[in-house]
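Reproduced below: coords13.cif, with mmCIF, C-alpha atoms and all ligand atoms; chains and numbers go by the auth columns.
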```cif
data_target
loop_
_atom_site.group_PDB
_atom_site.id
_atom_site.type_symbol
_atom_site.label_atom_id
_atom_site.label_comp_id
_atom_site.label_asym_id
_atom_site.label_seq_id
_atom_site.Cartn_x
_atom_site.Cartn_y
_atom_site.Cartn_z
_atom_site.B_iso_or_equiv
_atom_site.auth_seq_id
_atom_site.auth_asym_id
ATOM 1 C CA MET A 1 31.742 -34.489 22.882 0.00 1 A
ATOM 2 C CA SER A 2 35.453 -33.804 22.841 0.00 2 A
ATOM 3 C CA HIS A 3 36.734 -35.952 19.962 0.00 3 A
ATOM 4 C CA PRO A 4 35.563 -35.997 16.361 0.00 4 A
ATOM 5 C CA ILE A 5 33.642 -39.099 15.268 0.00 5 A
ATOM 6 C CA LEU A 6 34.928 -41.171 12.354 0.00 6 A
ATOM 7 C CA TYR A 7 32.670 -43.575 10.515 0.00 7 A
ATOM 8 C CA SER A 8 35.015 -45.993 8.846 0.00 8 A
ATOM 9 C CA PHE A 9 35.176 -49.402 7.206 0.00 9 A
ATOM 10 C CA ARG A 10 38.340 -51.380 7.738 0.00 10 A
ATOM 11 C CA ARG A 11 38.828 -52.627 4.161 0.00 11 A
ATOM 12 C CA CYS A 12 37.821 -49.450 2.296 0.00 12 A
ATOM 13 C CA PRO A 13 40.871 -47.728 0.742 0.00 13 A
ATOM 14 C CA TYR A 14 39.279 -44.299 1.176 0.00 14 A
ATOM 15 C CA ALA A 15 38.729 -44.985 4.856 0.00 15 A
ATOM 16 C CA MET A 16 42.275 -46.372 5.104 0.00 16 A
ATOM 17 C CA ARG A 17 43.784 -43.145 3.830 0.00 17 A
ATOM 18 C CA ALA A 18 41.672 -41.184 6.307 0.00 18 A
ATOM 19 C CA ARG A 19 42.794 -43.393 9.206 0.00 19 A
ATOM 20 C CA LEU A 20 46.419 -43.201 8.040 0.00 20 A
ATOM 21 C CA ALA A 21 46.285 -39.398 7.948 0.00 21 A
ATOM 22 C CA ILE A 22 44.610 -39.224 11.364 0.00 22 A
ATOM 23 C CA SER A 23 47.100 -41.577 12.982 0.00 23 A
ATOM 24 C CA SER A 24 50.119 -39.956 11.254 0.00 24 A
ATOM 25 C CA ALA A 25 48.970 -36.571 12.540 0.00 25 A
ATOM 26 C CA ARG A 26 48.524 -38.064 16.023 0.00 26 A
ATOM 27 C CA ARG A 27 44.959 -36.949 16.246 0.00 27 A
ATOM 28 C CA THR A 28 42.384 -38.884 18.191 0.00 28 A
ATOM 29 C CA VAL A 29 38.888 -39.684 16.985 0.00 29 A
ATOM 30 C CA VAL A 30 36.034 -41.855 18.136 0.00 30 A
ATOM 31 C CA LEU A 31 35.902 -44.790 15.718 0.00 31 A
ATOM 32 C CA ARG A 32 32.610 -46.220 14.519 0.00 32 A
ATOM 33 C CA GLU A 33 33.149 -49.300 12.370 0.00 33 A
ATOM 34 C CA VAL A 34 30.544 -49.508 9.621 0.00 34 A
ATOM 35 C CA VAL A 35 29.210 -52.530 7.774 0.00 35 A
ATOM 36 C CA LEU A 36 28.382 -51.211 4.308 0.00 36 A
ATOM 37 C CA ARG A 37 25.205 -53.247 3.867 0.00 37 A
ATOM 38 C CA ASP A 38 23.951 -52.088 7.279 0.00 38 A
ATOM 39 C CA LYS A 39 24.979 -48.447 7.570 0.00 39 A
ATOM 40 C CA PRO A 40 24.065 -46.631 10.759 0.00 40 A
ATOM 41 C CA GLU A 41 21.112 -44.221 10.542 0.00 41 A
ATOM 42 C CA ALA A 42 23.177 -41.640 12.402 0.00 42 A
ATOM 43 C CA MET A 43 25.757 -41.649 9.603 0.00 43 A
ATOM 44 C CA ILE A 44 23.211 -41.381 6.803 0.00 44 A
ATOM 45 C CA ALA A 45 21.473 -38.563 8.665 0.00 45 A
ATOM 46 C CA VAL A 46 24.581 -36.374 8.537 0.00 46 A
ATOM 47 C CA SER A 47 25.830 -37.587 5.145 0.00 47 A
ATOM 48 C CA PRO A 48 23.045 -38.823 2.869 0.00 48 A
ATOM 49 C CA LYS A 49 25.496 -39.891 0.150 0.00 49 A
ATOM 50 C CA ALA A 50 26.388 -42.582 2.694 0.00 50 A
ATOM 51 C CA THR A 51 29.978 -43.385 1.815 0.00 51 A
ATOM 52 C CA VAL A 52 32.820 -43.916 4.255 0.00 52 A
ATOM 53 C CA PRO A 53 34.800 -42.232 5.636 0.00 53 A
ATOM 54 C CA VAL A 54 32.663 -39.621 7.370 0.00 54 A
ATOM 55 C CA LEU A 55 34.181 -37.379 10.005 0.00 55 A
ATOM 56 C CA ILE A 56 32.010 -35.293 12.333 0.00 56 A
ATOM 57 C CA LEU A 57 33.828 -32.522 14.162 0.00 57 A
ATOM 58 C CA PRO A 58 32.834 -31.441 17.677 0.00 58 A
ATOM 59 C CA ASP A 59 31.244 -28.267 16.219 0.00 59 A
ATOM 60 C CA GLY A 60 29.001 -30.418 14.024 0.00 60 A
ATOM 61 C CA GLN A 61 30.875 -29.869 10.754 0.00 61 A
ATOM 62 C CA VAL A 62 30.716 -32.963 8.539 0.00 62 A
ATOM 63 C CA ILE A 63 33.651 -33.957 6.333 0.00 63 A
ATOM 64 C CA ASP A 64 32.596 -36.796 4.069 0.00 64 A
ATOM 65 C CA GLU A 65 35.306 -36.981 1.418 0.00 65 A
ATOM 66 C CA SER A 66 38.463 -38.918 2.273 0.00 66 A
ATOM 67 C CA TYR A 67 40.658 -36.311 0.615 0.00 67 A
ATOM 68 C CA ASP A 68 39.141 -33.640 2.850 0.00 68 A
ATOM 69 C CA VAL A 69 39.607 -35.805 5.936 0.00 69 A
ATOM 70 C CA MET A 70 43.299 -36.075 5.025 0.00 70 A
ATOM 71 C CA ASN A 71 43.502 -32.324 4.691 0.00 71 A
ATOM 72 C CA TRP A 72 41.769 -31.835 8.012 0.00 72 A
ATOM 73 C CA ALA A 73 44.196 -34.215 9.724 0.00 73 A
ATOM 74 C CA LEU A 74 47.401 -33.069 8.084 0.00 74 A
ATOM 75 C CA GLY A 75 46.615 -29.375 7.739 0.00 75 A
ATOM 76 C CA ASP A 76 47.106 -26.844 4.971 0.00 76 A
ATOM 77 C CA ASP A 77 50.860 -27.311 5.034 0.00 77 A
ATOM 78 C CA GLY A 78 50.548 -31.092 4.917 0.00 78 A
ATOM 79 C CA ALA A 79 51.243 -31.364 1.202 0.00 79 A
ATOM 80 C CA SER A 80 52.385 -29.499 -1.886 0.00 80 A
ATOM 81 C CA ALA A 81 50.021 -28.771 -4.764 0.00 81 A
ATOM 82 C CA GLU A 82 51.779 -31.478 -6.772 0.00 82 A
ATOM 83 C CA GLU A 83 51.225 -34.090 -4.072 0.00 83 A
ATOM 84 C CA ARG A 84 47.566 -33.168 -3.813 0.00 84 A
ATOM 85 C CA ALA A 85 47.225 -33.379 -7.593 0.00 85 A
ATOM 86 C CA LEU A 86 48.704 -36.890 -7.662 0.00 86 A
ATOM 87 C CA VAL A 87 46.198 -38.033 -5.031 0.00 87 A
ATOM 88 C CA MET A 88 43.301 -36.510 -6.965 0.00 88 A
ATOM 89 C CA GLN A 89 44.589 -38.169 -10.100 0.00 89 A
ATOM 90 C CA CYS A 90 44.507 -41.510 -8.290 0.00 90 A
ATOM 91 C CA ASP A 91 40.811 -41.058 -7.600 0.00 91 A
ATOM 92 C CA ALA A 92 39.964 -39.788 -11.072 0.00 92 A
ATOM 93 C CA GLU A 93 42.261 -41.805 -13.333 0.00 93 A
ATOM 94 C CA PHE A 94 43.307 -44.941 -11.467 0.00 94 A
ATOM 95 C CA LYS A 95 40.379 -45.949 -9.268 0.00 95 A
ATOM 96 C CA PRO A 96 37.901 -46.446 -12.140 0.00 96 A
ATOM 97 C CA TYR A 97 40.263 -48.962 -13.781 0.00 97 A
ATOM 98 C CA LEU A 98 41.001 -50.579 -10.449 0.00 98 A
ATOM 99 C CA ASP A 99 37.259 -51.159 -10.079 0.00 99 A
ATOM 100 C CA GLN A 100 37.044 -52.649 -13.564 0.00 100 A
ATOM 101 C CA TYR A 101 39.953 -54.930 -12.789 0.00 101 A
ATOM 102 C CA LYS A 102 38.586 -55.912 -9.394 0.00 102 A
ATOM 103 C CA TYR A 103 35.000 -56.451 -10.482 0.00 103 A
ATOM 104 C CA PRO A 104 35.173 -57.614 -14.131 0.00 104 A
ATOM 105 C CA ASN A 105 31.704 -59.169 -13.903 0.00 105 A
ATOM 106 C CA LYS A 106 30.084 -55.833 -13.159 0.00 106 A
ATOM 107 C CA GLN A 107 30.682 -54.730 -16.747 0.00 107 A
ATOM 108 C CA GLU A 108 28.916 -55.823 -19.883 0.00 108 A
ATOM 109 C CA THR A 109 32.218 -56.310 -21.636 0.00 109 A
ATOM 110 C CA TYR A 110 35.570 -56.545 -19.934 0.00 110 A
ATOM 111 C CA ASP A 111 38.871 -56.214 -21.708 0.00 111 A
ATOM 112 C CA ARG A 112 41.553 -57.115 -19.185 0.00 112 A
ATOM 113 C CA ASP A 113 44.442 -55.923 -21.359 0.00 113 A
ATOM 114 C CA GLN A 114 42.819 -52.564 -21.991 0.00 114 A
ATOM 115 C CA THR A 115 41.996 -52.118 -18.314 0.00 115 A
ATOM 116 C CA LEU A 116 45.549 -52.931 -17.319 0.00 116 A
ATOM 117 C CA THR A 117 46.930 -50.569 -19.965 0.00 117 A
ATOM 118 C CA ASN A 118 44.763 -47.791 -18.561 0.00 118 A
ATOM 119 C CA ALA A 119 45.557 -48.518 -14.910 0.00 119 A
ATOM 120 C CA GLY A 120 49.184 -49.011 -15.873 0.00 120 A
ATOM 121 C CA LYS A 121 49.548 -45.432 -17.064 0.00 121 A
ATOM 122 C CA TYR A 122 49.109 -44.222 -13.514 0.00 122 A
ATOM 123 C CA LEU A 123 51.311 -46.961 -12.066 0.00 123 A
ATOM 124 C CA SER A 124 54.073 -46.001 -14.501 0.00 124 A
ATOM 125 C CA LEU A 125 53.825 -42.429 -13.332 0.00 125 A
ATOM 126 C CA LEU A 126 54.291 -43.577 -9.741 0.00 126 A
ATOM 127 C CA ASP A 127 57.094 -45.896 -10.797 0.00 127 A
ATOM 128 C CA GLU A 128 59.031 -43.048 -12.382 0.00 128 A
ATOM 129 C CA ARG A 129 58.822 -41.033 -9.183 0.00 129 A
ATOM 130 C CA LEU A 130 59.835 -44.019 -7.076 0.00 130 A
ATOM 131 C CA GLU A 131 62.870 -44.604 -9.282 0.00 131 A
ATOM 132 C CA LYS A 132 64.400 -41.504 -7.735 0.00 132 A
ATOM 133 C CA ASN A 133 63.270 -41.752 -4.131 0.00 133 A
ATOM 134 C CA ASP A 134 62.015 -44.219 -1.552 0.00 134 A
ATOM 135 C CA PHE A 135 58.684 -42.415 -1.387 0.00 135 A
ATOM 136 C CA LEU A 136 56.644 -40.491 -3.940 0.00 136 A
ATOM 137 C CA PHE A 137 57.923 -37.074 -2.978 0.00 137 A
ATOM 138 C CA GLY A 138 61.321 -37.679 -1.437 0.00 138 A
ATOM 139 C CA ASP A 139 62.804 -39.804 1.272 0.00 139 A
ATOM 140 C CA ASP A 140 59.951 -39.501 3.736 0.00 140 A
ATOM 141 C CA ARG A 141 56.462 -40.887 3.612 0.00 141 A
ATOM 142 C CA GLY A 142 53.980 -38.123 2.933 0.00 142 A
ATOM 143 C CA PHE A 143 50.463 -37.148 1.956 0.00 143 A
ATOM 144 C CA ALA A 144 50.634 -38.782 -1.468 0.00 144 A
ATOM 145 C CA ASP A 145 52.038 -42.064 -0.170 0.00 145 A
ATOM 146 C CA ILE A 146 49.285 -42.542 2.375 0.00 146 A
ATOM 147 C CA GLY A 147 46.649 -41.229 0.003 0.00 147 A
ATOM 148 C CA ILE A 148 47.568 -43.576 -2.836 0.00 148 A
ATOM 149 C CA ALA A 149 49.093 -46.738 -1.356 0.00 149 A
ATOM 150 C CA PRO A 150 45.766 -48.231 -0.154 0.00 150 A
ATOM 151 C CA PHE A 151 44.546 -48.220 -3.766 0.00 151 A
ATOM 152 C CA VAL A 152 47.733 -49.737 -5.155 0.00 152 A
ATOM 153 C CA ARG A 153 47.488 -52.396 -2.459 0.00 153 A
ATOM 154 C CA GLN A 154 43.998 -53.221 -3.652 0.00 154 A
ATOM 155 C CA PHE A 155 45.263 -53.411 -7.227 0.00 155 A
ATOM 156 C CA ALA A 156 48.132 -55.669 -6.156 0.00 156 A
ATOM 157 C CA HIS A 157 45.819 -58.041 -4.342 0.00 157 A
ATOM 158 C CA VAL A 158 43.561 -58.794 -7.313 0.00 158 A
ATOM 159 C CA ASP A 159 46.304 -61.049 -8.681 0.00 159 A
ATOM 160 C CA ARG A 160 49.262 -60.726 -6.382 0.00 160 A
ATOM 161 C CA ASP A 161 51.566 -63.160 -8.198 0.00 161 A
ATOM 162 C CA TRP A 162 51.037 -61.331 -11.460 0.00 162 A
ATOM 163 C CA PHE A 163 51.584 -57.938 -9.822 0.00 163 A
ATOM 164 C CA LEU A 164 54.823 -59.025 -8.157 0.00 164 A
ATOM 165 C CA GLU A 165 56.143 -60.060 -11.586 0.00 165 A
ATOM 166 C CA SER A 166 54.947 -56.902 -13.307 0.00 166 A
ATOM 167 C CA GLU A 167 57.026 -54.135 -14.830 0.00 167 A
ATOM 168 C CA TRP A 168 56.496 -51.599 -12.005 0.00 168 A
ATOM 169 C CA LYS A 169 59.484 -52.669 -9.953 0.00 169 A
ATOM 170 C CA ASN A 170 59.699 -49.484 -7.894 0.00 170 A
ATOM 171 C CA VAL A 171 55.981 -49.550 -7.159 0.00 171 A
ATOM 172 C CA ILE A 172 56.359 -53.160 -6.018 0.00 172 A
ATOM 173 C CA ARG A 173 59.143 -52.184 -3.610 0.00 173 A
ATOM 174 C CA TRP A 174 57.065 -49.261 -2.302 0.00 174 A
ATOM 175 C CA TYR A 175 53.942 -51.443 -1.922 0.00 175 A
ATOM 176 C CA ARG A 176 55.914 -54.091 -0.025 0.00 176 A
ATOM 177 C CA GLU A 177 57.297 -51.482 2.336 0.00 177 A
ATOM 178 C CA PHE A 178 53.812 -50.058 2.866 0.00 178 A
ATOM 179 C CA ILE A 179 52.142 -53.327 3.821 0.00 179 A
ATOM 180 C CA GLU A 180 54.969 -54.150 6.234 0.00 180 A
ATOM 181 C CA TRP A 181 54.937 -50.697 7.823 0.00 181 A
ATOM 182 C CA ASP A 182 53.733 -50.685 11.441 0.00 182 A
ATOM 183 C CA GLY A 183 51.747 -47.528 10.761 0.00 183 A
ATOM 184 C CA PHE A 184 49.702 -49.408 8.177 0.00 184 A
ATOM 185 C CA LYS A 185 49.335 -52.534 10.280 0.00 185 A
ATOM 186 C CA SER A 186 48.089 -50.467 13.196 0.00 186 A
ATOM 187 C CA ILE A 187 45.250 -48.877 11.219 0.00 187 A
ATOM 188 C CA MET A 188 44.109 -52.336 10.069 0.00 188 A
ATOM 189 C CA THR A 189 43.188 -53.540 13.544 0.00 189 A
ATOM 190 C CA LYS A 190 39.809 -55.262 13.438 0.00 190 A
ATOM 191 C CA HIS A 191 36.865 -53.692 15.223 0.00 191 A
ATOM 192 C CA PRO A 192 33.349 -55.044 15.595 0.00 192 A
ATOM 193 C CA GLN A 193 30.493 -53.238 13.861 0.00 193 A
ATOM 194 C CA TRP A 194 29.478 -50.130 15.792 0.00 194 A
ATOM 195 C CA VAL A 195 25.978 -50.216 17.163 0.00 195 A
ATOM 196 C CA ASP A 196 24.341 -47.186 18.741 0.00 196 A
ATOM 197 C CA GLY A 197 24.803 -47.346 22.495 0.00 197 A
ATOM 198 C CA ASP A 198 28.138 -49.182 22.225 0.00 198 A
ATOM 199 C CA GLN A 199 31.098 -48.180 24.317 0.00 199 A
ATOM 200 C CA VAL A 200 33.274 -45.461 22.803 0.00 200 A
ATOM 201 C CA THR A 201 36.279 -46.762 20.840 0.00 201 A
ATOM 202 C CA LEU A 202 39.127 -44.304 20.486 0.00 202 A
ATOM 203 C CA PHE A 203 41.338 -44.357 17.381 0.00 203 A
ATOM 204 C CA PRO A 204 44.256 -44.681 17.015 0.00 204 A
HETATM 205 N N1 LIG B . 34.799 -40.004 -2.840 0.00 301 B
HETATM 206 C C1 LIG B . 34.578 -40.727 -1.623 0.00 301 B
HETATM 207 C C2 LIG B . 34.424 -42.192 -1.933 0.00 301 B
HETATM 208 C C3 LIG B . 34.205 -43.045 -0.708 0.00 301 B
HETATM 209 C C4 LIG B . 33.647 -44.431 -1.080 0.00 301 B
HETATM 210 O O1 LIG B . 33.195 -44.646 -2.201 0.00 301 B
HETATM 211 N N2 LIG B . 33.664 -45.361 -0.122 0.00 301 B
HETATM 212 C C5 LIG B . 33.015 -46.648 -0.364 0.00 301 B
HETATM 213 C C6 LIG B . 33.654 -47.787 0.369 0.00 301 B
HETATM 214 S S1 LIG B . 35.299 -48.112 -0.189 0.00 301 B
HETATM 215 C C7 LIG B . 31.596 -46.585 0.126 0.00 301 B
HETATM 216 O O2 LIG B . 31.347 -46.123 1.220 0.00 301 B
HETATM 217 N N3 LIG B . 30.646 -47.058 -0.682 0.00 301 B
HETATM 218 C C8 LIG B . 29.273 -47.056 -0.291 0.00 301 B
HETATM 219 C C9 LIG B . 28.645 -48.407 -0.360 0.00 301 B
HETATM 220 O O3 LIG B . 29.314 -49.352 -0.761 0.00 301 B
HETATM 221 O O4 LIG B . 27.485 -48.510 0.019 0.00 301 B
HETATM 222 C C10 LIG B . 35.723 -40.441 -0.661 0.00 301 B
HETATM 223 O O5 LIG B . 36.821 -40.147 -1.132 0.00 301 B
HETATM 224 O O6 LIG B . 35.525 -40.470 0.555 0.00 301 B
#
```
Exercise: express the given structure as structure tokens:
Amino acid sequence: MSHPILYSFRRCPYAMRARLAISSARRTVVLREVVLRDKPEAMIAVSPKATVPVLILPDGQVIDESYDVMNWALGDDGASAEERALVMQCDAEFKPYLDQYKYPNKQETYDRDQTLTNAGKYLSLLDERLEKNDFLFGDDRGFADIGIAPFVRQFAHVDRDWFLESEWKNVIRWYREFIEWDGFKSIMTKHPQWVDGDQVTLFP
């Protein structure tokens, strides 16, 4: 086996950031599209926590955290400590509120205003950065942009009209640029569910 194998799910923001990092770094992997309610045995066997993305390197090493897949793709010099911290903060401090906002019925009590206040703290942080530059850490798209934008996109799409009228004007501009970017469109190509024995699909 010459290429790593990537188990991925098109609409998962964690898998999106992994695919974005892989394609930005011009690496090639074998793509296996997963359906979350019907995960392949081969994926669960190497990663029992059974979340996507999962990357299996040719030497058998398994990388099953999206942040680690980004690091693998982009390398040790791929981001500053500050960029890495902002991505980790997205996972720890923004994603839980995004989930509340996206799935209000999954909670016993849901307070939309409180959820938006909490999620908004992180969005305001991004907005401040984007006031100064086109991207989060300067004038070029980097580790933090590709690590965070899939989650902000998900947030935006819960109630897109409301988001586009919201106070985070710089985030809105950055989100719009992201969804129109060819690099994003190209990682959103649809693939059928992978079934063992299928032909190999290379990505990107
Ligand atoms: N911390 C993990 C989270 C990955 C994750 O939660 N992915 C979701 C899909 S977006 C998943 O696979 N959930 C398992 C399931 O729904 O069964 C990472 O960064 O890779």
- Message: If we count all atoms listed in the file and set the cut-off at 10 Å, which residues sit around region 148-162 of chain A, ignoring sequence neighbours fewer than 3 positions away in its own chain? Please answer as a PyMOL selection string.
- Response: chain A and resi 11-17+20+86-91+94-95+97-99+101-103+119+123+126+136+143-145+165-167+171-172+174-176+178-179+184
Could you write out that same residue set with C-alpha atoms as a short mmCIF file (atom, residue, chain, number, x, y, z; two decimals), keeping the file's coordinate frame?
```cif
data_model
loop_
_atom_site.label_atom_id
_atom_site.label_comp_id
_atom_site.auth_asym_id
_atom_site.auth_seq_id
_atom_site.Cartn_x
_atom_site.Cartn_y
_atom_site.Cartn_z
CA ARG A 11 38.83 -52.63 4.16
CA CYS A 12 37.82 -49.45 2.30
CA PRO A 13 40.87 -47.73 0.74
CA TYR A 14 39.28 -44.30 1.18
CA ALA A 15 38.73 -44.98 4.86
CA MET A 16 42.28 -46.37 5.10
CA ARG A 17 43.78 -43.14 3.83
CA LEU A 20 46.42 -43.20 8.04
CA LEU A 86 48.70 -36.89 -7.66
CA VAL A 87 46.20 -38.03 -5.03
CA MET A 88 43.30 -36.51 -6.96
CA GLN A 89 44.59 -38.17 -10.10
CA CYS A 90 44.51 -41.51 -8.29
CA ASP A 91 40.81 -41.06 -7.60
CA PHE A 94 43.31 -44.94 -11.47
CA LYS A 95 40.38 -45.95 -9.27
CA TYR A 97 40.26 -48.96 -13.78
CA LEU A 98 41.00 -50.58 -10.45
CA ASP A 99 37.26 -51.16 -10.08
CA TYR A 101 39.95 -54.93 -12.79
CA LYS A 102 38.59 -55.91 -9.39
CA TYR A 103 35.00 -56.45 -10.48
CA ALA A 119 45.56 -48.52 -14.91
CA LEU A 123 51.31 -46.96 -12.07
CA LEU A 126 54.29 -43.58 -9.74
CA LEU A 136 56.64 -40.49 -3.94
CA PHE A 143 50.46 -37.15 1.96
CA ALA A 144 50.63 -38.78 -1.47
CA ASP A 145 52.04 -42.06 -0.17
CA GLU A 165 56.14 -60.06 -11.59
CA SER A 166 54.95 -56.90 -13.31
CA GLU A 167 57.03 -54.14 -14.83
CA VAL A 171 55.98 -49.55 -7.16
CA ILE A 172 56.36 -53.16 -6.02
CA TRP A 174 57.06 -49.26 -2.30
CA TYR A 175 53.94 -51.44 -1.92
CA ARG A 176 55.91 -54.09 -0.02
CA PHE A 178 53.81 -50.06 2.87
CA ILE A 179 52.14 -53.33 3.82
CA PHE A 184 49.70 -49.41 8.18
#
```
- Query: In Å, how far is it from atom C4 of ligand LIG 301 (chain B) to CA of Pro48 (chain A)?
  - Reply: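 CA of Pro48 (chain A) lies at a distance of 12.6 Å from atom C4 of ligand LIG 301 (chain B).
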Edge lengths and centre in Å, axis-aligned, ligand LIG 301 (chain B) plus 8 Å each side, as lines of an AutoDock Vina configuration file:
```
center_x = 32.2
center_y = -44.7
center_z = -0.8
size_x = 25.3
size_y = 25.3
size_z = 20.1
```
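Taking CA of Val34 (chain A) and CA of Asp182 (chain A) as the two end points, the separation is 23.3 Å.
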- Report as a PyMOL selection string the full result of the PyMOL selection byres (((chain A and resi 8) around 8) and not hetatm) when it is applied to this structure. chain A and resi 6-7+9-10+12+15+31-34+52-54
- A:Gly78, A:Pro4, A:Gly60, A:Pro96 ranked by distance to ligand LIG 301 (chain B), top pick (using all atoms listed in the file):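 The shortest atom-to-atom distance to ligand LIG 301 (chain B) comes from A:Pro96.
Across A:Ala42, A:Asp64, A:Arg19, A:Leu57, the tightest approach to His3 (chain A) is made by A:Leu57 when counting all atoms listed in the file.
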- Message: Please compute the CA of Glu128 (chain A)-atom O6 of ligand LIG 301 (chain B) distance, one decimal, in Å.
- Response: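 So the answer is 27.0 Å.
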- Residue with smallest distance to Ser186 (chain A) - pool A:Arg37, A:Pro204, A:Asp111, A:Lys106, counting all atoms listed in the file: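 Of the candidates, the smallest distance to Ser186 (chain A) is held by A:Pro204.
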- Output check: residues returned by the PyMOL selection byres (((chain A and resi 195) around 9) and not hetatm), as number ranges by chain: A: 32-34, 40, 192-194, 196-198
- Item | Residue nearest Asn133 (chain A) among A:Gln199, A:Ser23, A:Asn170, A:Thr51 (counting all atoms listed in the file) |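 That would be A:Asn170, the residue with the smallest distance to Asn133 (chain A).
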- Query: Smallest atom-to-atom distance to ligand LIG 301 (chain B): which of A:Leu36, A:Leu116, A:Ala25, A:Ala18, using only C-alpha atoms and all ligand atoms?
  - Reply: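 So, comparing all the options, the nearest one is A:Leu36.
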- Message: With distances taken over all atoms listed in the file, which residue among A:Lys39, A:Lys49, A:Lys185, A:Lys121 lies nearest Glu93 (chain A)?
- Response: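 So, comparing all the options, the nearest one is A:Lys121.
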- For the structure shown, which residues end up in the PyMOL selection byres (((chain A and resi 29) around 6) and not hetatm)? Put them as a list in words, please?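 Selection result, ordered by chain and number: His3, Pro4, Ile5, Thr28, Val30, Leu202 and Phe203 of chain A.
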